[in-house]
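**Student:** Dropping in data-v4.pdb, which is PDB, C-alpha atoms and all ligand atoms:
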```
ATOM      1  CA  MET A 128     -10.000  -2.076  23.219
ATOM      2  CA  ALA A 129     -12.995  -3.971  24.578
ATOM      3  CA  THR A 130     -15.077  -5.711  21.943
ATOM      4  CA  VAL A 131     -18.842  -5.917  22.120
ATOM      5  CA  GLU A 132     -20.425  -9.302  21.477
ATOM      6  CA  LEU A 133     -22.600  -9.086  18.375
ATOM      7  CA  THR A 134     -26.198  -9.790  19.343
ATOM      8  CA  LEU A 135     -29.560  -8.352  18.370
ATOM      9  CA  LYS A 136     -29.471  -6.392  21.625
ATOM     10  CA  SER A 137     -26.042  -4.944  20.850
ATOM     11  CA  LEU A 138     -27.515  -3.456  17.655
ATOM     12  CA  ASP A 139     -30.252  -1.581  19.555
ATOM     13  CA  SER A 140     -29.628   2.136  19.551
ATOM     14  CA  ASP A 141     -30.710   4.551  22.267
ATOM     15  CA  VAL A 142     -33.283   5.988  19.879
ATOM     16  CA  HIS A 143     -36.577   4.126  19.815
ATOM     17  CA  PRO A 144     -38.505   3.887  16.544
ATOM     18  CA  ASP A 145     -41.061   6.649  16.181
ATOM     19  CA  TRP A 146     -43.164   4.697  13.674
ATOM     20  CA  CYS A 147     -46.906   4.207  14.163
ATOM     21  CA  PRO A 148     -47.750   0.962  15.996
ATOM     22  CA  GLY A 149     -48.112  -1.755  13.357
ATOM     23  CA  CYS A 150     -46.071   0.033  10.670
ATOM     24  CA  GLY A 151     -44.429  -2.495   8.331
ATOM     25  CA  ASP A 152     -41.046  -0.847   8.812
ATOM     26  CA  PHE A 153     -40.631  -2.573  12.212
ATOM     27  CA  GLY A 154     -40.316  -5.935  10.450
ATOM     28  CA  VAL A 155     -37.674  -4.567   8.092
ATOM     29  CA  LEU A 156     -35.645  -3.129  10.977
ATOM     30  CA  LYS A 157     -35.722  -6.491  12.762
ATOM     31  CA  SER A 158     -34.702  -8.347   9.613
ATOM     32  CA  ILE A 159     -31.719  -6.067   8.986
ATOM     33  CA  LYS A 160     -30.524  -6.605  12.567
ATOM     34  CA  GLU A 161     -31.033 -10.367  12.324
ATOM     35  CA  ALA A 162     -29.181 -10.513   9.006
ATOM     36  CA  ILE A 163     -26.195  -8.587  10.431
ATOM     37  CA  VAL A 164     -26.015 -10.965  13.406
ATOM     38  CA  GLU A 165     -26.462 -14.044  11.208
ATOM     39  CA  LEU A 166     -23.633 -12.926   8.920
ATOM     40  CA  GLY A 167     -21.450 -12.028  11.920
ATOM     41  CA  ILE A 168     -20.626  -8.558  10.581
ATOM     42  CA  PRO A 169     -19.243  -6.309  13.329
ATOM     43  CA  ALA A 170     -21.378  -3.191  13.700
ATOM     44  CA  HIS A 171     -18.437  -0.896  12.857
ATOM     45  CA  LYS A 172     -18.299  -2.496   9.390
ATOM     46  CA  VAL A 173     -21.929  -1.628   8.631
ATOM     47  CA  LEU A 174     -23.079   1.672   7.170
ATOM     48  CA  ILE A 175     -26.791   2.329   6.687
ATOM     49  CA  VAL A 176     -27.697   5.296   4.509
ATOM     50  CA  SER A 177     -31.195   6.659   4.032
ATOM     51  CA  GLY A 178     -33.056   9.435   2.269
ATOM     52  CA  ILE A 179     -36.083  11.156   3.757
ATOM     53  CA  GLY A 180     -39.398   9.649   4.851
ATOM     54  CA  CYS A 181     -40.793   7.523   7.681
ATOM     55  CA  SER A 182     -38.677   4.522   6.666
ATOM     56  CA  SER A 183     -35.615   6.699   6.218
ATOM     57  CA  ASN A 184     -35.489   7.214   9.981
ATOM     58  CA  LEU A 185     -34.232   3.624  10.207
ATOM     59  CA  PRO A 186     -30.446   4.269  10.474
ATOM     60  CA  GLY A 187     -31.044   5.994  13.801
ATOM     61  CA  PHE A 188     -32.547   2.809  15.236
ATOM     62  CA  ILE A 189     -29.486   0.585  14.732
ATOM     63  CA  ARG A 190     -26.194   0.883  16.588
ATOM     64  CA  ALA A 191     -23.992   0.935  13.467
ATOM     65  CA  TYR A 192     -22.727   3.725  11.239
ATOM     66  CA  GLY A 193     -25.569   5.669   9.654
ATOM     67  CA  VAL A 194     -26.270   8.660   7.448
ATOM     68  CA  HIS A 195     -29.704  10.245   7.175
ATOM     69  CA  SER A 196     -29.169  12.089   3.923
ATOM     70  CA  LEU A 197     -31.379  14.152   1.599
ATOM     71  CA  HIS A 198     -34.654  13.244  -0.092
ATOM     72  CA  GLY A 199     -33.970  10.695  -2.828
ATOM     73  CA  ARG A 200     -30.212  10.815  -2.277
ATOM     74  CA  ALA A 201     -29.483   7.672  -0.287
ATOM     75  CA  ILE A 202     -27.907   5.953  -3.289
ATOM     76  CA  PRO A 203     -25.363   8.691  -4.188
ATOM     77  CA  VAL A 204     -24.212   8.951  -0.573
ATOM     78  CA  ALA A 205     -24.028   5.153  -0.285
ATOM     79  CA  THR A 206     -22.113   5.017  -3.575
ATOM     80  CA  GLY A 207     -19.457   7.432  -2.327
ATOM     81  CA  ALA A 208     -19.008   5.491   0.889
ATOM     82  CA  ALA A 209     -18.858   2.122  -0.847
ATOM     83  CA  LEU A 210     -16.227   3.336  -3.320
ATOM     84  CA  ALA A 211     -14.153   4.986  -0.617
ATOM     85  CA  ASN A 212     -14.117   2.060   1.792
ATOM     86  CA  HIS A 213     -14.632  -1.457   0.470
ATOM     87  CA  ASP A 214     -14.474  -2.869   3.983
ATOM     88  CA  LEU A 215     -17.890  -1.430   4.752
ATOM     89  CA  HIS A 216     -21.121  -3.293   4.120
ATOM     90  CA  VAL A 217     -23.201  -0.459   2.752
ATOM     91  CA  ILE A 218     -26.978  -0.737   2.999
ATOM     92  CA  ALA A 219     -29.170   1.981   1.538
ATOM     93  CA  VAL A 220     -32.736   2.140   2.843
ATOM     94  CA  GLY A 221     -35.793   4.266   2.224
ATOM     95  CA  GLY A 222     -39.300   4.342   0.894
ATOM     96  CA  ASP A 223     -40.946   4.049  -2.502
ATOM     97  CA  GLY A 224     -41.470   7.804  -2.864
ATOM     98  CA  ASP A 225     -37.870   8.515  -1.899
ATOM     99  CA  GLY A 226     -36.262   5.810  -4.052
ATOM    100  CA  TYR A 227     -38.609   5.249  -6.977
ATOM    101  CA  GLY A 228     -39.781   8.865  -7.272
ATOM    102  CA  ILE A 229     -37.319  11.524  -6.231
ATOM    103  CA  GLY A 230     -34.235   9.276  -6.427
ATOM    104  CA  ILE A 231     -35.153   7.127  -9.410
ATOM    105  CA  ALA A 232     -32.292   8.263 -11.645
ATOM    106  CA  HIS A 233     -29.740   7.359  -8.964
ATOM    107  CA  PHE A 234     -31.458   3.999  -8.502
ATOM    108  CA  ILE A 235     -31.204   3.129 -12.202
ATOM    109  CA  HIS A 236     -27.590   4.210 -12.605
ATOM    110  CA  ALA A 237     -26.424   2.375  -9.488
ATOM    111  CA  MET A 238     -27.888  -0.839 -10.899
ATOM    112  CA  ARG A 239     -26.399  -0.201 -14.327
ATOM    113  CA  ARG A 240     -22.982   0.079 -12.666
ATOM    114  CA  ASN A 241     -23.533  -2.994 -10.494
ATOM    115  CA  LEU A 242     -22.227  -1.126  -7.471
ATOM    116  CA  ASN A 243     -21.600  -3.339  -4.495
ATOM    117  CA  LEU A 244     -24.554  -2.041  -2.460
ATOM    118  CA  THR A 245     -27.699  -3.408  -0.880
ATOM    119  CA  TYR A 246     -30.822  -1.318  -1.315
ATOM    120  CA  ILE A 247     -33.897  -2.078   0.784
ATOM    121  CA  VAL A 248     -37.024  -0.190  -0.209
ATOM    122  CA  MET A 249     -39.889  -0.145   2.287
ATOM    123  CA  ASP A 250     -42.651   0.050  -0.263
ATOM    124  CA  ASN A 251     -45.989   1.150   1.205
ATOM    125  CA  GLU A 252     -47.393   2.575  -2.031
ATOM    126  CA  VAL A 253     -47.813   6.111  -0.639
ATOM    127  CA  TYR A 254     -45.747   8.972   0.709
ATOM    128  CA  GLY A 255     -46.261   8.159   4.410
ATOM    129  CA  LEU A 256     -44.383  10.952   6.187
ATOM    130  CA  THR A 257     -46.287  13.667   4.359
ATOM    131  CA  THR A 258     -49.601  11.963   5.238
ATOM    132  CA  GLY A 259     -50.477   9.730   2.313
ATOM    133  CA  GLN A 260     -50.045  11.293  -1.119
ATOM    134  CA  THR A 261     -49.601   9.130  -4.245
ATOM    135  CA  SER A 262     -46.174   7.662  -4.851
ATOM    136  CA  PRO A 263     -44.804   5.936  -7.984
ATOM    137  CA  THR A 264     -46.160   2.577  -6.745
ATOM    138  CA  THR A 265     -49.659   3.763  -5.774
ATOM    139  CA  THR A 266     -52.406   1.607  -7.287
ATOM    140  CA  GLU A 267     -54.243   3.121 -10.238
ATOM    141  CA  GLY A 268     -57.601   4.539  -9.171
ATOM    142  CA  MET A 269     -56.702   4.787  -5.478
ATOM    143  CA  LYS A 270     -57.997   7.871  -3.721
ATOM    144  CA  THR A 271     -55.339   9.680  -1.743
ATOM    145  CA  LYS A 272     -54.896  13.174  -0.364
ATOM    146  CA  SER A 273     -53.252  14.270  -3.603
ATOM    147  CA  THR A 274     -55.731  12.378  -5.815
ATOM    148  CA  PRO A 275     -59.167  12.754  -4.186
ATOM    149  CA  ARG A 276     -60.845  11.582  -7.419
ATOM    150  CA  GLY A 277     -58.549   8.596  -7.818
ATOM    151  CA  ASN A 278     -54.988   8.140  -9.071
ATOM    152  CA  VAL A 279     -54.899   8.287 -12.876
ATOM    153  CA  GLU A 280     -51.242   7.172 -13.156
ATOM    154  CA  LYS A 281     -50.085   3.607 -13.585
ATOM    155  CA  PRO A 282     -47.651   2.301 -10.949
ATOM    156  CA  ILE A 283     -44.097   1.433 -11.928
ATOM    157  CA  GLN A 284     -42.903  -2.139 -11.469
ATOM    158  CA  PRO A 285     -39.657  -1.674  -9.528
ATOM    159  CA  LEU A 286     -38.473  -5.254  -9.860
ATOM    160  CA  ALA A 287     -38.863  -5.211 -13.632
ATOM    161  CA  LEU A 288     -37.004  -1.906 -13.700
ATOM    162  CA  ALA A 289     -34.216  -3.439 -11.611
ATOM    163  CA  LEU A 290     -33.905  -6.457 -13.893
ATOM    164  CA  ALA A 291     -33.807  -4.279 -16.998
ATOM    165  CA  SER A 292     -31.237  -1.934 -15.424
ATOM    166  CA  GLY A 293     -28.672  -4.572 -14.486
ATOM    167  CA  ALA A 294     -29.212  -5.338 -10.781
ATOM    168  CA  THR A 295     -27.590  -8.669  -9.981
ATOM    169  CA  TYR A 296     -29.775  -9.647  -6.981
ATOM    170  CA  VAL A 297     -33.477  -8.820  -7.178
ATOM    171  CA  ALA A 298     -35.950  -9.904  -4.512
ATOM    172  CA  ARG A 299     -39.236  -8.968  -2.928
ATOM    173  CA  GLY A 300     -40.181  -9.392   0.710
ATOM    174  CA  PHE A 301     -43.168  -8.748   2.933
ATOM    175  CA  SER A 302     -42.647  -7.353   6.404
ATOM    176  CA  ALA A 303     -45.284  -9.718   7.832
ATOM    177  CA  GLU A 304     -43.146 -12.615   6.536
ATOM    178  CA  GLN A 305     -40.326 -11.393   8.716
ATOM    179  CA  LYS A 306     -38.153 -14.538   8.971
ATOM    180  CA  HIS A 307     -38.393 -14.946   5.184
ATOM    181  CA  LEU A 308     -37.319 -11.308   4.845
ATOM    182  CA  THR A 309     -34.311 -11.941   7.113
ATOM    183  CA  LYS A 310     -33.117 -14.691   4.765
ATOM    184  CA  LEU A 311     -33.499 -12.420   1.742
ATOM    185  CA  THR A 312     -31.699  -9.604   3.566
ATOM    186  CA  ALA A 313     -28.761 -11.762   4.659
ATOM    187  CA  ALA A 314     -28.347 -13.118   1.115
ATOM    188  CA  ALA A 315     -28.571  -9.596  -0.319
ATOM    189  CA  ILE A 316     -25.874  -8.258   2.030
ATOM    190  CA  ALA A 317     -23.659 -11.263   1.270
ATOM    191  CA  HIS A 318     -24.156 -10.805  -2.484
ATOM    192  CA  ARG A 319     -21.337  -9.045  -4.358
ATOM    193  CA  GLY A 320     -22.979  -6.482  -6.623
ATOM    194  CA  PHE A 321     -26.158  -4.417  -6.548
ATOM    195  CA  SER A 322     -28.899  -6.123  -4.535
ATOM    196  CA  LEU A 323     -32.446  -4.795  -4.325
ATOM    197  CA  ILE A 324     -35.159  -5.940  -1.970
ATOM    198  CA  ASP A 325     -38.513  -4.291  -2.514
ATOM    199  CA  VAL A 326     -40.440  -4.929   0.698
ATOM    200  CA  PHE A 327     -44.189  -4.642   1.054
ATOM    201  CA  SER A 328     -44.202  -2.639   4.252
ATOM    202  CA  PRO A 329     -47.769  -1.492   4.946
ATOM    203  CA  CYS A 330     -48.485   2.050   6.077
ATOM    204  CA  VAL A 331     -51.258   1.314   8.546
ATOM    205  CA  THR A 332     -52.148   4.977   8.939
ATOM    206  CA  PHE A 333     -52.443   6.345   5.409
ATOM    207  CA  ASN A 334     -52.888   3.400   3.032
ATOM    208  CA  LYS A 335     -56.194   1.650   3.626
ATOM    209  CA  LEU A 336     -55.953  -0.351   0.383
ATOM    210  CA  ASN A 337     -52.550  -2.089   0.480
ATOM    211  CA  THR A 338     -52.989  -3.467   3.979
ATOM    212  CA  TYR A 339     -51.625  -6.601   5.660
ATOM    213  CA  PRO A 340     -54.761  -8.605   4.638
ATOM    214  CA  PHE A 341     -54.431  -7.278   1.054
ATOM    215  CA  PHE A 342     -50.937  -8.758   0.762
ATOM    216  CA  LYS A 343     -51.620 -11.886   2.850
ATOM    217  CA  GLU A 344     -54.338 -12.883   0.392
ATOM    218  CA  ARG A 345     -52.066 -12.422  -2.609
ATOM    219  CA  VAL A 346     -48.429 -13.199  -1.868
ATOM    220  CA  TYR A 347     -46.833 -16.568  -2.547
ATOM    221  CA  LYS A 348     -43.220 -17.665  -2.233
ATOM    222  CA  LEU A 349     -41.175 -18.322  -5.343
ATOM    223  CA  GLU A 350     -39.075 -20.952  -3.590
ATOM    224  CA  ASP A 351     -42.259 -23.037  -3.196
ATOM    225  CA  GLN A 352     -42.795 -23.006  -6.979
ATOM    226  CA  PRO A 353     -41.367 -26.197  -8.479
ATOM    227  CA  GLY A 354     -38.922 -25.466 -11.272
ATOM    228  CA  TYR A 355     -38.588 -21.712 -10.629
ATOM    229  CA  ASP A 356     -35.017 -20.782 -11.573
ATOM    230  CA  PRO A 357     -33.618 -17.476 -10.208
ATOM    231  CA  ALA A 358     -30.851 -17.618 -12.833
ATOM    232  CA  ASP A 359     -33.384 -17.186 -15.647
ATOM    233  CA  LEU A 360     -33.648 -13.456 -16.435
ATOM    234  CA  MET A 361     -36.719 -13.673 -18.664
ATOM    235  CA  GLY A 362     -38.517 -15.934 -16.180
ATOM    236  CA  ALA A 363     -37.725 -13.383 -13.475
ATOM    237  CA  MET A 364     -39.068 -10.572 -15.665
ATOM    238  CA  GLU A 365     -42.354 -12.411 -16.016
ATOM    239  CA  LYS A 366     -42.623 -12.735 -12.235
ATOM    240  CA  ALA A 367     -41.625  -9.080 -11.763
ATOM    241  CA  MET A 368     -44.673  -8.020 -13.782
ATOM    242  CA  GLU A 369     -47.083 -10.227 -11.820
ATOM    243  CA  PHE A 370     -49.074  -7.911  -9.575
ATOM    244  CA  ASN A 371     -52.727  -8.912  -9.438
ATOM    245  CA  SER A 372     -54.587 -11.534  -7.432
ATOM    246  CA  ARG A 373     -51.222 -13.277  -6.990
ATOM    247  CA  ILE A 374     -47.944 -11.523  -6.205
ATOM    248  CA  PRO A 375     -44.637 -13.385  -5.892
ATOM    249  CA  ILE A 376     -42.205 -12.790  -3.037
ATOM    250  CA  GLY A 377     -38.732 -14.258  -2.605
ATOM    251  CA  LEU A 378     -35.643 -14.238  -4.782
ATOM    252  CA  LEU A 379     -36.547 -13.419  -8.379
ATOM    253  CA  TYR A 380     -33.078 -13.213  -9.850
ATOM    254  CA  ARG A 381     -29.431 -13.568  -8.976
ATOM    255  CA  THR A 382     -26.340 -13.554 -11.145
ATOM    256  CA  GLU A 383     -22.606 -12.885 -10.795
ATOM    257  CA  LYS A 384     -21.021 -10.024 -12.740
ATOM    258  CA  PRO A 385     -17.991  -7.789 -12.164
ATOM    259  CA  THR A 386     -18.875  -4.877  -9.924
ATOM    260  CA  TYR A 387     -18.063  -1.222 -10.536
ATOM    261  CA  GLU A 388     -15.283  -1.513  -7.972
ATOM    262  CA  ASP A 389     -13.779  -4.435  -9.912
ATOM    263  CA  THR A 390     -13.582  -2.496 -13.168
ATOM    264  CA  GLU A 391     -12.966   1.167 -12.250
ATOM    265  CA  PRO A 392      -9.250   1.866 -12.964
ATOM    266  CA  VAL A 393      -8.983   4.444 -10.160
ATOM    267  CA  LEU A 394      -9.747   1.687  -7.659
ATOM    268  CA  ARG A 395      -7.082  -0.699  -8.943
ATOM    269  CA  ASP A 396      -4.772   0.472  -6.171
ATOM    270  CA  GLY A 397      -7.406  -0.301  -3.547
ATOM    271  CA  PRO A 398     -10.162   1.617  -1.780
ATOM    272  CA  LEU A 399      -9.885   5.398  -1.875
ATOM    273  CA  VAL A 400      -9.405   5.591   1.893
ATOM    274  CA  ASP A 401      -6.174   3.600   1.498
ATOM    275  CA  GLN A 402      -4.809   5.642  -1.399
ATOM    276  CA  LYS A 403      -2.511   8.611  -1.058
ATOM    277  CA  LEU A 404      -4.185  11.963  -1.732
ATOM    278  CA  GLY A 405      -1.275  13.218  -3.826
ATOM    279  CA  LEU A 406      -1.688  16.712  -2.359
ATOM    280  CA  ASP A 407       0.588  18.652  -0.090
ATOM    281  CA  ARG A 408      -0.852  19.726   3.248
ATOM    282  CA  ARG A 409      -1.343  23.360   2.237
ATOM    283  CA  THR A 410      -3.318  22.529  -0.917
ATOM    284  CA  PHE A 411      -5.372  20.022   1.052
ATOM    285  CA  ASP A 412      -6.219  22.594   3.725
ATOM    286  CA  GLU A 413      -7.158  25.160   1.051
ATOM    287  CA  LEU A 414      -9.433  22.680  -0.697
ATOM    288  CA  LEU A 415     -11.028  21.669   2.586
ATOM    289  CA  ALA A 416     -11.635  25.305   3.534
ATOM    290  CA  GLU A 417     -13.257  25.900   0.156
ATOM    291  CA  THR A 418     -15.741  23.078   0.617
ATOM    292  CA  MET A 419     -16.646  23.706   4.260
TER     293      MET A 419
HETATM  294 FE1  LIG A 501     -45.392   3.830   9.067
HETATM  295 FE2  LIG A 501     -47.320   5.076   7.701
HETATM  296 FE3  LIG A 501     -46.980   5.596  10.282
HETATM  297 FE4  LIG A 501     -45.189   6.408   8.488
HETATM  298  S1  LIG A 501     -47.319   7.107   8.651
HETATM  299  S2  LIG A 501     -44.736   5.445  10.476
HETATM  300  S3  LIG A 501     -45.193   4.728   7.009
HETATM  301  S4  LIG A 501     -47.589   3.632   9.418
HETATM  302 MG    MG A 502     -43.815   5.216   0.800
END
```
How does this structure look as structure tokens?
Ligand code: SF4
Ligand code: MG
**Tutor:**
Amino acid sequence: MATVELTLKSLDSDVHPDWCPGCGDFGVLKSIKEAIVELGIPAHKVLIVSGIGCSSNLPGFIRAYGVHSLHGRAIPVATGAALANHDLHVIAVGGDGDGYGIGIAHFIHAMRRNLNLTYIVMDNEVYGLTTGQTSPTTTEGMKTKSTPRGNVEKPIQPLALALASGATYVARGFSAEQKHLTKLTAAAIAHRGFSLIDVFSPCVTFNKLNTYPFFKERVYKLEDQPGYDPADLMGAMEKAMEFNSRIPIGLLYRTEKPTYEDTEPVLRDGPLVDQKLGLDRRTFDELLAETM
């Protein structure tokens, strides 16, 4: 069988991104491709799973395995795949509305279990695909289509939530700091355990507050802060809550802990795809027919 040399070009799919020109999601797409090439992971060992939203169209733009699932359900689908086949590098992607709103329970439980997954959230602080309604990270007071008099709800702090829930790699990126984001992405994919990267990924069409200049004025890199220690959970929590005139990006926290796969007894005999079903053919066919 002929092998394809792994390059950025080889990861281009035939489908071109349909995002608005200038959308932050372009930077995230490029970083994921660069990270895959940098880590030398063959495309057939990569699975990208998404929910629904502008950013969730991303799996279609990379020549690797992909699943465009249901709204808020990227994590459960990614979980099933990761447990069934440990050879896959499973990357879940989506937006803030999809992951922190509709799918938030899945998000929390995946971190609690320390599943061996990477989750990249393109956080633009609105629901972009449905034309700019408030999401769980929308700034308080911001006027949107769904809050014409201003948003009265306080935004969640996803990184603090991740730290409190047990994620073992927690980082924040900015799509305009694309090379920095590539480094975070490669380290997240290489990390064994649940890795989250919340990426400021501006929606240039429907969010006129959290724009590129808004973030450029505020973000600073944690690795440039003398003495910052990503092994210090409480220090990371402090940084996770910092969202004002200064906002940190970079690696907030990393630790090593057994993953769900390491501790689940059913997986002691290896990935599910390698285990015998324990069913005769007839029962298997009946079960399959029932679920189709
Ligand atoms: Fe990106 Fe916003 Fe356009 Fe969607 S609507 S593609 S999030 S800029
Ligand atoms: Mg969004």
**Student:** Check every protein, DNA and RNA residue against ligand MG 502 (chain A), keep those with an atom at most 12 Å away (counting only C-alpha atoms and all ligand atoms), and present them as a ChimeraX atom specification.
**Tutor:** /A:150-152,178-183,199,220-229,248-265,325-334,337
**Student:** If we count all atoms listed in the file, what is near Thr245 of chain A at a cut-off of 6 Å, once residues fewer than 5 positions away on the same chain are taken out, given as a count of residues only?
**Tutor:** 4
**Student:** Got a sec: who's within 9 Å of Ser372 of chain A, counting only C-alpha atoms, leaving out chain neighbours fewer than 3 positions off, as a ChimeraX atom specification?
**Tutor:** /A:344-346,369
**Student:** Name the residues that the PyMOL selection byres (((chain A and resi 298) around 7) and not hetatm) picks from the file above, as a PDB file with C-alpha atoms, keeping the file's coordinate frame, using the file's chain letters and numbers.
**Tutor:**
```
ATOM      1  CA  TYR A 296     -29.775  -9.647  -6.981  1.00  0.00           C
ATOM      2  CA  VAL A 297     -33.477  -8.820  -7.178  1.00  0.00           C
ATOM      3  CA  ARG A 299     -39.236  -8.968  -2.928  1.00  0.00           C
ATOM      4  CA  GLY A 300     -40.181  -9.392   0.710  1.00  0.00           C
ATOM      5  CA  LEU A 323     -32.446  -4.795  -4.325  1.00  0.00           C
ATOM      6  CA  ILE A 324     -35.159  -5.940  -1.970  1.00  0.00           C
ATOM      7  CA  ASP A 325     -38.513  -4.291  -2.514  1.00  0.00           C
ATOM      8  CA  GLY A 377     -38.732 -14.258  -2.605  1.00  0.00           C
ATOM      9  CA  LEU A 378     -35.643 -14.238  -4.782  1.00  0.00           C
ATOM     10  CA  LEU A 379     -36.547 -13.419  -8.379  1.00  0.00           C
ATOM     11  CA  TYR A 380     -33.078 -13.213  -9.850  1.00  0.00           C
TER      12      TYR A 380
END
```
**Student:** Name the residues that the PyMOL selection byres (((chain A and resi 284) around 8) and not hetatm) pulls out of this structure, and write them as an mmCIF file with C-alpha atoms, in the coordinates of the input.
**Tutor:**
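Contents of selection29.cif, freshly written:
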```cif
data_model
loop_
_atom_site.group_PDB
_atom_site.id
_atom_site.type_symbol
_atom_site.label_atom_id
_atom_site.label_comp_id
_atom_site.auth_asym_id
_atom_site.auth_seq_id
_atom_site.Cartn_x
_atom_site.Cartn_y
_atom_site.Cartn_z
ATOM 1 C CA THR A 264 -46.160 2.577 -6.745
ATOM 2 C CA PRO A 282 -47.651 2.301 -10.949
ATOM 3 C CA ILE A 283 -44.097 1.433 -11.928
ATOM 4 C CA PRO A 285 -39.657 -1.674 -9.528
ATOM 5 C CA LEU A 286 -38.473 -5.254 -9.860
ATOM 6 C CA ALA A 287 -38.863 -5.211 -13.632
ATOM 7 C CA LEU A 288 -37.004 -1.906 -13.700
ATOM 8 C CA ALA A 367 -41.625 -9.080 -11.763
ATOM 9 C CA MET A 368 -44.673 -8.020 -13.782
#
```
**Student:** Which residues are close to Lys384 of chain A, i.e. within 10 Å by all atoms listed in the file, leaving aside same-chain residues fewer than 4 positions away? Reply as a list of chain:residue names.
**Tutor:**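 That gives A:Asn241, A:Gly293, A:Ala294, A:Thr295, A:Arg319, A:Gly320, A:Phe321, A:Asp389.
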**Student:** For ligand LIG 501 (chain A), which of A:Thr338, A:Arg239, A:Ala315, A:Leu349 is the closest residue, counting all atoms listed in the file?
**Tutor:**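 Between A:Thr338, A:Arg239, A:Ala315, A:Leu349, the residue approaching ligand LIG 501 (chain A) most closely is A:Thr338.
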**Student:** What do you get, as a list in words, if you spell out every residue that the PyMOL selection byres (((chain A and resi 390-403) around 10) and not hetatm) selects here?
**Tutor:**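 Going through the file, the PyMOL selection byres (((chain A and resi 390-403) around 10) and not hetatm) ends up selecting Gly207, Ala208, Ala209, Leu210, Ala211, Asn212, His213, Asp214, Arg240, Pro385, Thr386, Tyr387, Glu388, Asp389, Leu404, Gly405 and Leu406 of chain A.
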**Student:** With distances taken over all atoms listed in the file, which of A:Leu336, A:Ile202, A:Asp351, A:Ile168 is nearest to Ile235 of chain A?
**Tutor:**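 The answer is A:Ile202, which sits nearest to Ile235 of chain A.
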**Student:** Could you check which of A:Lys136, A:Leu244, A:Tyr339, A:Glu304 is closest to ligand LIG 501 (chain A), using all atoms listed in the file?
**Tutor:**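 Among the listed residues, A:Tyr339 lies closest to ligand LIG 501 (chain A).
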